[in-house]
Amino acid sequence: MTNNLLVYDTKYGSTEIIARWISEEVGNIDVKKASEVTSIKDYSLIVIGSPDYDDKPLVSISEFMKKFNKELKEKKIAIFVVCNDLEEGEYKGKQIGGKFNLEILRRELPKENIILEDVLGGVFNPKILDENDQERIVSFFNEIGKPIKKEDLVFMPIMNKLDRAKCKEFINKLKAV
Ligand SMILES: Cc1cc2nc3c(=O)[nH]c(=O)nc-3n(C[C@H](O)[C@H](O)[C@H](O)COP(=O)(O)O)c2cc1C
């Protein structure tokens with residue numbers, strides 16, 4: 001029995017790889033997909049990891065945070081956001097990317113309980129997106145003035161920003177908690 005729980009979800013696999021790295025190196029941590037969690041009462045540290053989709057966590061992660069909202073106020077919380085936009089910048093007067101992506105989880109959690117947070121790179125693979133995500137990416141490129149068609153996506157390069165060394169820094173801090 002461990003006191004630590006890692007809750008995550010993934011759509012295309014990057015967040016799962018990171019969850020596995022954490023689990024391998026931390027050792028004494030239970031790892032569950034958000035939709036599988038039925039209770040958090042036995043844990044004192046909850047690590048929450050979600051990919052960023054259009055500045056939002058996955059629905060299952062939001063539902064987890066909502067469902068356990070009260071209990072999370074009694075826990076130590078660590079968060080990591082997996083995304084592709086690792087550079088901070090401004091878009092339409094809004095600060096986006098890098099550490100600003102942490103907000104997608106922070107805004108749904110008791111902030112004073114967050115003891116550790118990090119933004120970690122994932123994989124963006126335009127070749128494997130489902131229909132809905134293809135449309136989202138096409139409209140994003142149109143919006144930023146770089147019009148593309150759905151058929152072009154398959155020729156776009158895969159962006160692999162998974163970085164085990166950076167992840168290790170997060171893991172080391174986690175171990176020291
Ligand atoms: C439709 C779509 C929307 C995305 N929106 C964002 C975003 O708002 N910010 C960002 O940094 N990355 C964004 N990404 C990149 C993903 O966060 C990145 O590919 C991540 O590694 C996906 O994690 P997963 O493989 O665990 O699902 C988006 C990707 C897709 C396909």
# chains A, B, ... in the order shown; residues from 1 in each chain; ligands from 1
$ residues_around --residues "range 151-161 of chain A" --least-positions-apart "6" --cutoff "8 Å" --atoms "only C-alpha atoms" --output "MDAnalysis selection string"
chainID A and resid 84 121:127 134
$ residues_around --residues "Ala165 in chain A" --least-positions-apart "6" --cutoff "12 Å" --atoms "only C-alpha atoms" --output "PDB file with N, CA and C atoms, in the first residue's frame"
ATOM      1  N   ILE A  18       4.862   9.358 -20.129  1.00  0.00           N
ATOM      2  CA  ILE A  18       5.390  10.114 -18.989  1.00  0.00           C
ATOM      3  C   ILE A  18       4.921   9.486 -17.670  1.00  0.00           C
ATOM      4  N   TRP A  21       7.158   6.616 -17.036  1.00  0.00           N
ATOM      5  CA  TRP A  21       8.482   7.046 -16.544  1.00  0.00           C
ATOM      6  C   TRP A  21       8.412   7.370 -15.050  1.00  0.00           C
ATOM      7  N   ILE A  22       7.353   8.096 -14.685  1.00  0.00           N
ATOM      8  CA  ILE A  22       7.205   8.490 -13.276  1.00  0.00           C
ATOM      9  C   ILE A  22       7.045   7.238 -12.412  1.00  0.00           C
ATOM     10  N   LEU A 120       5.530  19.618 -19.413  1.00  0.00           N
ATOM     11  CA  LEU A 120       6.398  18.642 -20.075  1.00  0.00           C
ATOM     12  C   LEU A 120       5.980  18.477 -21.531  1.00  0.00           C
ATOM     13  N   GLY A 121       6.967  18.330 -22.392  1.00  0.00           N
ATOM     14  CA  GLY A 121       6.675  18.205 -23.823  1.00  0.00           C
ATOM     15  C   GLY A 121       6.099  16.833 -24.164  1.00  0.00           C
ATOM     16  N   ILE A 171      10.579  14.290 -11.615  1.00  0.00           N
ATOM     17  CA  ILE A 171      10.535  13.061 -10.810  1.00  0.00           C
ATOM     18  C   ILE A 171      11.398  13.219  -9.553  1.00  0.00           C
ATOM     19  N   ASN A 172      12.574  13.815  -9.707  1.00  0.00           N
ATOM     20  CA  ASN A 172      13.458  13.990  -8.547  1.00  0.00           C
ATOM     21  C   ASN A 172      12.821  14.890  -7.493  1.00  0.00           C
TER      22      ASN A 172
END
$ closest_residue --among "A:Ala34, A:Val82, A:Val119, A:Ile114" --to "ligand 1" --atoms "only C-alpha atoms and all ligand atoms"
A:Val82
$ closest_residue --among "A:Glu90, A:Glu143, A:Asp54, A:Glu63" --to "ligand 1" --atoms "only C-alpha atoms and all ligand atoms"
A:Asp54
$ residues_near_ligand --ligand "ligand 1" --cutoff "6 Å" --atoms "only C-alpha atoms and all ligand atoms" --output "MDAnalysis selection string"
chainID A and resid 10:15 51:55 82:85 97 122:124 133 136:137
$ write_last_selection --atoms "N, CA and C atoms" --output "JSON list (two decimals), in the first residue's frame"
[["chain", "number", "residue", "atom", "x", "y", "z"],
["A", 10, "THR", "N", -4.80, 10.21, -21.42],
["A", 10, "THR", "CA", -4.07, 10.49, -22.65],
["A", 10, "THR", "C", -5.00, 10.25, -23.83],
["A", 11, "LYS", "N", -4.73, 10.93, -24.93],
["A", 11, "LYS", "CA", -5.51, 10.63, -26.13],
["A", 11, "LYS", "C", -4.65, 9.85, -27.12],
["A", 12, "TYR", "N", -3.41, 10.30, -27.29],
["A", 12, "TYR", "CA", -2.55, 9.64, -28.29],
["A", 12, "TYR", "C", -1.30, 8.99, -27.69],
["A", 13, "GLY", "N", -1.17, 8.98, -26.37],
["A", 13, "GLY", "CA", -0.13, 8.17, -25.75],
["A", 13, "GLY", "C", 1.02, 8.89, -25.06],
["A", 14, "SER", "N", 1.26, 10.19, -25.35],
["A", 14, "SER", "CA", 2.43, 10.84, -24.73],
["A", 14, "SER", "C", 2.32, 10.89, -23.20],
["A", 15, "THR", "N", 1.15, 11.26, -22.72],
["A", 15, "THR", "CA", 1.00, 11.40, -21.26],
["A", 15, "THR", "C", 1.15, 10.05, -20.58],
["A", 51, "PRO", "N", -2.81, 16.02, -20.81],
["A", 51, "PRO", "CA", -2.39, 16.78, -21.98],
["A", 51, "PRO", "C", -3.25, 18.03, -22.13],
["A", 52, "ASP", "N", -2.74, 18.99, -22.86],
["A", 52, "ASP", "CA", -3.45, 20.24, -23.13],
["A", 52, "ASP", "C", -4.09, 20.14, -24.52],
["A", 53, "TYR", "N", -5.41, 20.22, -24.55],
["A", 53, "TYR", "CA", -6.12, 20.27, -25.83],
["A", 53, "TYR", "C", -6.91, 21.57, -25.90],
["A", 54, "ASP", "N", -6.47, 22.48, -26.78],
["A", 54, "ASP", "CA", -7.12, 23.79, -26.91],
["A", 54, "ASP", "C", -7.28, 24.47, -25.55],
["A", 55, "ASP", "N", -6.17, 24.51, -24.82],
["A", 55, "ASP", "CA", -6.14, 25.16, -23.51],
["A", 55, "ASP", "C", -7.13, 24.56, -22.51],
["A", 82, "VAL", "N", 1.04, 18.13, -20.20],
["A", 82, "VAL", "CA", 1.79, 17.64, -21.36],
["A", 82, "VAL", "C", 1.29, 18.40, -22.59],
["A", 83, "CYS", "N", 2.21, 19.01, -23.33],
["A", 83, "CYS", "CA", 1.77, 19.84, -24.45],
["A", 83, "CYS", "C", 2.88, 20.01, -25.47],
["A", 84, "ASN", "N", 2.57, 20.74, -26.50],
["A", 84, "ASN", "CA", 3.57, 20.96, -27.55],
["A", 84, "ASN", "C", 4.10, 22.38, -27.57],
["A", 85, "ASP", "N", 3.32, 23.30, -27.01],
["A", 85, "ASP", "CA", 3.69, 24.71, -27.04],
["A", 85, "ASP", "C", 4.47, 25.02, -25.76],
["A", 97, "GLY", "N", 1.13, 29.26, -23.73],
["A", 97, "GLY", "CA", 2.32, 28.41, -23.87],
["A", 97, "GLY", "C", 3.13, 28.30, -22.58],
["A", 122, "GLY", "N", 5.19, 16.81, -25.14],
["A", 122, "GLY", "CA", 4.62, 15.56, -25.62],
["A", 122, "GLY", "C", 4.86, 15.40, -27.11],
["A", 123, "VAL", "N", 4.12, 14.49, -27.71],
["A", 123, "VAL", "CA", 4.24, 14.27, -29.15],
["A", 123, "VAL", "C", 2.99, 14.82, -29.84],
["A", 124, "PHE", "N", 3.21, 15.59, -30.90],
["A", 124, "PHE", "CA", 2.09, 16.00, -31.75],
["A", 124, "PHE", "C", 2.30, 15.31, -33.10],
["A", 133, "ASP", "N", -10.10, 16.06, -34.30],
["A", 133, "ASP", "CA", -8.84, 16.77, -34.04],
["A", 133, "ASP", "C", -8.24, 17.32, -35.33],
["A", 136, "ARG", "N", -9.94, 20.50, -35.80],
["A", 136, "ARG", "CA", -9.49, 21.52, -34.84],
["A", 136, "ARG", "C", -8.15, 22.10, -35.27],
["A", 137, "ILE", "N", -7.25, 21.24, -35.76],
["A", 137, "ILE", "CA", -5.92, 21.71, -36.17],
["A", 137, "ILE", "C", -6.01, 22.56, -37.44]]
$ select_by_dssp --residues "chain A" --states "alpha helix (DSSP H)" --output "VMD selection string"
chain A and resid 14 to 26 59 to 67 69 to 72 103 to 106 131 to 143 164 to 176
$ residues_around --residues "Glu74 in chain A" --least-positions-apart "6" --cutoff "12 Å" --atoms "only C-alpha atoms" --output "list in words"
Ile40, Lys41, Asp42, Tyr43, Ser44, Leu45, Ile46, Phe68, Leu109, Pro110, Lys111, Glu112, Asn113 and Ile114 of chain A
$ closest_residue --among "A:Val37, A:Ala78, A:Ile48, A:Val31" --to "Lys175 in chain A" --atoms "only C-alpha atoms"
A:Ala78
$ closest_residue --among "A:Asn132, A:Asn3, A:Ser139, A:Asn101" --to "Lys56 in chain A" --atoms "only C-alpha atoms"
A:Asn101
$ closest_residue --among "A:Lys168, A:Lys66, A:Lys32, A:Lys173" --to "Ile115 in chain A" --atoms "only C-alpha atoms"
A:Lys173
$ closest_residue --among "A:Val47, A:Val177, A:Asn4, A:Gly145" --to "Asn28 in chain A" --atoms "only C-alpha atoms"
A:Asn4
$ residues_around --residues "Lys33 in chain A" --least-positions-apart "5" --cutoff "12 Å" --atoms "only C-alpha atoms" --output "list of chain:residue names"
A:Leu5, A:Leu6, A:Val7, A:Tyr8, A:Asp9, A:Thr10, A:Lys11, A:Thr15, A:Glu16, A:Ala19, A:Arg20, A:Thr38, A:Val47, A:Ile48, A:Gly49, A:Ser50, A:Leu58, A:Val59, A:Ser60, A:Ile61, A:Glu63, A:Phe64
$ write_last_selection --atoms "C-alpha atoms" --output "mmCIF file, in the first residue's frame"
data_model
loop_
_atom_site.group_PDB
_atom_site.id
_atom_site.type_symbol
_atom_site.label_atom_id
_atom_site.label_comp_id
_atom_site.auth_asym_id
_atom_site.auth_seq_id
_atom_site.Cartn_x
_atom_site.Cartn_y
_atom_site.Cartn_z
ATOM 1 C CA LEU A 5 -1.502 8.194 -6.504
ATOM 2 C CA LEU A 6 -0.807 9.297 -10.067
ATOM 3 C CA VAL A 7 -3.948 10.142 -12.020
ATOM 4 C CA TYR A 8 -3.624 10.760 -15.739
ATOM 5 C CA ASP A 9 -5.288 10.403 -19.087
ATOM 6 C CA THR A 10 -4.072 10.491 -22.654
ATOM 7 C CA LYS A 11 -5.511 10.632 -26.129
ATOM 8 C CA THR A 15 1.003 11.404 -21.261
ATOM 9 C CA GLU A 16 0.928 7.642 -20.729
ATOM 10 C CA ALA A 19 3.141 8.401 -16.430
ATOM 11 C CA ARG A 20 5.152 5.220 -17.007
ATOM 12 C CA THR A 38 -13.234 5.458 -7.426
ATOM 13 C CA VAL A 47 -0.151 13.630 -8.885
ATOM 14 C CA ILE A 48 -2.375 14.791 -11.751
ATOM 15 C CA GLY A 49 -1.181 14.728 -15.365
ATOM 16 C CA SER A 50 -3.152 15.834 -18.412
ATOM 17 C CA LEU A 58 -9.064 16.094 -21.066
ATOM 18 C CA VAL A 59 -12.678 15.800 -19.928
ATOM 19 C CA SER A 60 -11.913 12.759 -17.732
ATOM 20 C CA ILE A 61 -9.346 14.834 -15.803
ATOM 21 C CA GLU A 63 -14.386 15.245 -14.124
ATOM 22 C CA PHE A 64 -11.898 13.726 -11.681
#
$ residues_around --residues "Glu117 in chain A" --least-positions-apart "6" --cutoff "9 Å" --atoms "only C-alpha atoms" --output "list of chain:residue names"
A:Ile77, A:Ala78, A:Ile79, A:Phe80, A:Val81, A:Leu102, A:Phe170
$ write_last_selection --atoms "N, CA and C atoms" --output "compact mmCIF listing (two decimals), in the first residue's frame"
# COMPACT_ATOMS: atom_id res chain seq x y z
N ILE A 77 -0.87 18.08 -3.66
CA ILE A 77 -1.12 17.88 -5.09
C ILE A 77 0.11 18.28 -5.91
N ALA A 78 0.48 17.41 -6.86
CA ALA A 78 1.51 17.76 -7.85
C ALA A 78 0.85 17.67 -9.22
N ILE A 79 1.18 18.61 -10.11
CA ILE A 79 0.55 18.57 -11.44
C ILE A 79 1.60 18.64 -12.55
N PHE A 80 1.28 17.98 -13.67
CA PHE A 80 2.08 18.21 -14.87
C PHE A 80 1.16 18.26 -16.08
N VAL A 81 1.46 19.22 -16.95
CA VAL A 81 0.69 19.39 -18.18
C VAL A 81 1.58 18.97 -19.34
N LEU A 102 0.00 25.62 -17.45
CA LEU A 102 -0.32 25.01 -16.14
C LEU A 102 -1.70 25.44 -15.65
N PHE A 170 11.49 16.66 -12.78
CA PHE A 170 10.19 16.65 -12.09
C PHE A 170 10.12 15.45 -11.13
$ atom_distance --atom1 "CA of Tyr91 in chain A" --atom2 "CA of Phe140 in chain A"
12.2 Å
$ decode --residues "range 32-137 of chain A" --atoms "C-alpha atoms" --output "mmCIF file, in the first residue's frame"
data_model
loop_
_atom_site.group_PDB
_atom_site.id
_atom_site.type_symbol
_atom_site.label_atom_id
_atom_site.label_comp_id
_atom_site.auth_asym_id
_atom_site.auth_seq_id
_atom_site.Cartn_x
_atom_site.Cartn_y
_atom_site.Cartn_z
ATOM 1 C CA LYS A 32 -4.619 5.077 -12.574
ATOM 2 C CA LYS A 33 -6.462 6.563 -15.511
ATOM 3 C CA ALA A 34 -8.768 9.336 -14.289
ATOM 4 C CA SER A 35 -11.949 7.449 -15.204
ATOM 5 C CA GLU A 36 -10.827 4.415 -13.144
ATOM 6 C CA VAL A 37 -10.439 6.281 -9.848
ATOM 7 C CA THR A 38 -13.234 5.458 -7.426
ATOM 8 C CA SER A 39 -11.655 6.765 -4.209
ATOM 9 C CA ILE A 40 -8.660 8.868 -3.142
ATOM 10 C CA LYS A 41 -9.143 8.532 0.600
ATOM 11 C CA ASP A 42 -6.084 6.323 1.188
ATOM 12 C CA TYR A 43 -3.644 8.719 -0.476
ATOM 13 C CA SER A 44 -1.878 11.795 0.844
ATOM 14 C CA LEU A 45 -0.161 12.852 -2.399
ATOM 15 C CA ILE A 46 -2.088 13.036 -5.676
ATOM 16 C CA VAL A 47 -0.151 13.630 -8.885
ATOM 17 C CA ILE A 48 -2.375 14.791 -11.751
ATOM 18 C CA GLY A 49 -1.181 14.728 -15.365
ATOM 19 C CA SER A 50 -3.152 15.834 -18.412
ATOM 20 C CA PRO A 51 -2.392 16.778 -21.979
ATOM 21 C CA ASP A 52 -3.451 20.236 -23.134
ATOM 22 C CA TYR A 53 -6.116 20.272 -25.829
ATOM 23 C CA ASP A 54 -7.117 23.793 -26.908
ATOM 24 C CA ASP A 55 -6.141 25.159 -23.510
ATOM 25 C CA LYS A 56 -8.164 22.557 -21.663
ATOM 26 C CA PRO A 57 -7.392 19.301 -19.869
ATOM 27 C CA LEU A 58 -9.064 16.094 -21.066
ATOM 28 C CA VAL A 59 -12.678 15.800 -19.928
ATOM 29 C CA SER A 60 -11.913 12.759 -17.732
ATOM 30 C CA ILE A 61 -9.346 14.834 -15.803
ATOM 31 C CA SER A 62 -11.783 17.725 -15.328
ATOM 32 C CA GLU A 63 -14.386 15.245 -14.124
ATOM 33 C CA PHE A 64 -11.898 13.726 -11.681
ATOM 34 C CA MET A 65 -11.034 17.168 -10.275
ATOM 35 C CA LYS A 66 -14.715 18.030 -9.950
ATOM 36 C CA LYS A 67 -15.709 14.694 -8.410
ATOM 37 C CA PHE A 68 -12.985 14.826 -5.739
ATOM 38 C CA ASN A 69 -12.975 18.596 -5.333
ATOM 39 C CA LYS A 70 -13.620 18.509 -1.559
ATOM 40 C CA GLU A 71 -11.170 15.707 -0.783
ATOM 41 C CA LEU A 72 -8.409 17.293 -2.856
ATOM 42 C CA LYS A 73 -8.411 20.175 -0.351
ATOM 43 C CA GLU A 74 -6.990 17.689 2.191
ATOM 44 C CA LYS A 75 -4.237 16.355 -0.110
ATOM 45 C CA LYS A 76 -0.828 17.387 -1.332
ATOM 46 C CA ILE A 77 -1.118 17.877 -5.092
ATOM 47 C CA ALA A 78 1.506 17.761 -7.848
ATOM 48 C CA ILE A 79 0.546 18.572 -11.439
ATOM 49 C CA PHE A 80 2.079 18.207 -14.866
ATOM 50 C CA VAL A 81 0.686 19.395 -18.176
ATOM 51 C CA VAL A 82 1.795 17.644 -21.359
ATOM 52 C CA CYS A 83 1.766 19.840 -24.446
ATOM 53 C CA ASN A 84 3.570 20.959 -27.547
ATOM 54 C CA ASP A 85 3.690 24.710 -27.037
ATOM 55 C CA LEU A 86 6.606 24.967 -24.602
ATOM 56 C CA GLU A 87 7.505 28.591 -25.377
ATOM 57 C CA GLU A 88 5.690 31.352 -23.537
ATOM 58 C CA GLY A 89 4.135 33.991 -25.762
ATOM 59 C CA GLU A 90 1.160 36.243 -26.357
ATOM 60 C CA TYR A 91 -1.752 35.562 -28.679
ATOM 61 C CA LYS A 92 -4.732 37.892 -29.029
ATOM 62 C CA GLY A 93 -3.706 39.661 -25.826
ATOM 63 C CA LYS A 94 -3.627 36.384 -23.895
ATOM 64 C CA GLN A 95 -0.498 34.851 -22.398
ATOM 65 C CA ILE A 96 -0.122 31.327 -23.715
ATOM 66 C CA GLY A 97 2.323 28.407 -23.867
ATOM 67 C CA GLY A 98 4.991 27.180 -21.449
ATOM 68 C CA LYS A 99 4.175 27.790 -17.795
ATOM 69 C CA PHE A 100 0.865 29.449 -18.724
ATOM 70 C CA ASN A 101 -0.398 26.036 -19.816
ATOM 71 C CA LEU A 102 -0.323 25.013 -16.140
ATOM 72 C CA GLU A 103 -3.423 27.157 -15.687
ATOM 73 C CA ILE A 104 -5.553 24.491 -17.383
ATOM 74 C CA LEU A 105 -5.172 22.374 -14.224
ATOM 75 C CA ARG A 106 -4.473 25.083 -11.643
ATOM 76 C CA ARG A 107 -7.787 26.840 -12.248
ATOM 77 C CA GLU A 108 -9.712 23.673 -11.353
ATOM 78 C CA LEU A 109 -7.761 22.828 -8.180
ATOM 79 C CA PRO A 110 -7.231 24.213 -4.667
ATOM 80 C CA LYS A 111 -4.086 26.191 -5.585
ATOM 81 C CA GLU A 112 -2.736 26.351 -2.039
ATOM 82 C CA ASN A 113 -2.411 22.533 -2.062
ATOM 83 C CA ILE A 114 -0.223 22.432 -5.172
ATOM 84 C CA ILE A 115 3.301 21.691 -4.012
ATOM 85 C CA LEU A 116 4.872 20.904 -7.380
ATOM 86 C CA GLU A 117 4.053 21.715 -11.001
ATOM 87 C CA ASP A 118 5.694 21.324 -14.380
ATOM 88 C CA VAL A 119 5.079 21.603 -18.104
ATOM 89 C CA LEU A 120 6.398 18.642 -20.075
ATOM 90 C CA GLY A 121 6.675 18.205 -23.823
ATOM 91 C CA GLY A 122 4.620 15.555 -25.619
ATOM 92 C CA VAL A 123 4.243 14.269 -29.155
ATOM 93 C CA PHE A 124 2.089 16.002 -31.753
ATOM 94 C CA ASN A 125 1.572 13.565 -34.592
ATOM 95 C CA PRO A 126 -0.606 15.097 -37.345
ATOM 96 C CA LYS A 127 -0.712 11.748 -39.140
ATOM 97 C CA ILE A 128 -2.788 9.897 -36.546
ATOM 98 C CA LEU A 129 -5.369 12.495 -35.481
ATOM 99 C CA ASP A 130 -9.027 11.542 -35.406
ATOM 100 C CA GLU A 131 -11.492 13.460 -37.631
ATOM 101 C CA ASN A 132 -12.455 15.900 -34.927
ATOM 102 C CA ASP A 133 -8.844 16.769 -34.039
ATOM 103 C CA GLN A 134 -7.945 17.130 -37.722
ATOM 104 C CA GLU A 135 -10.680 19.765 -37.989
ATOM 105 C CA ARG A 136 -9.492 21.518 -34.837
ATOM 106 C CA ILE A 137 -5.922 21.709 -36.167
#
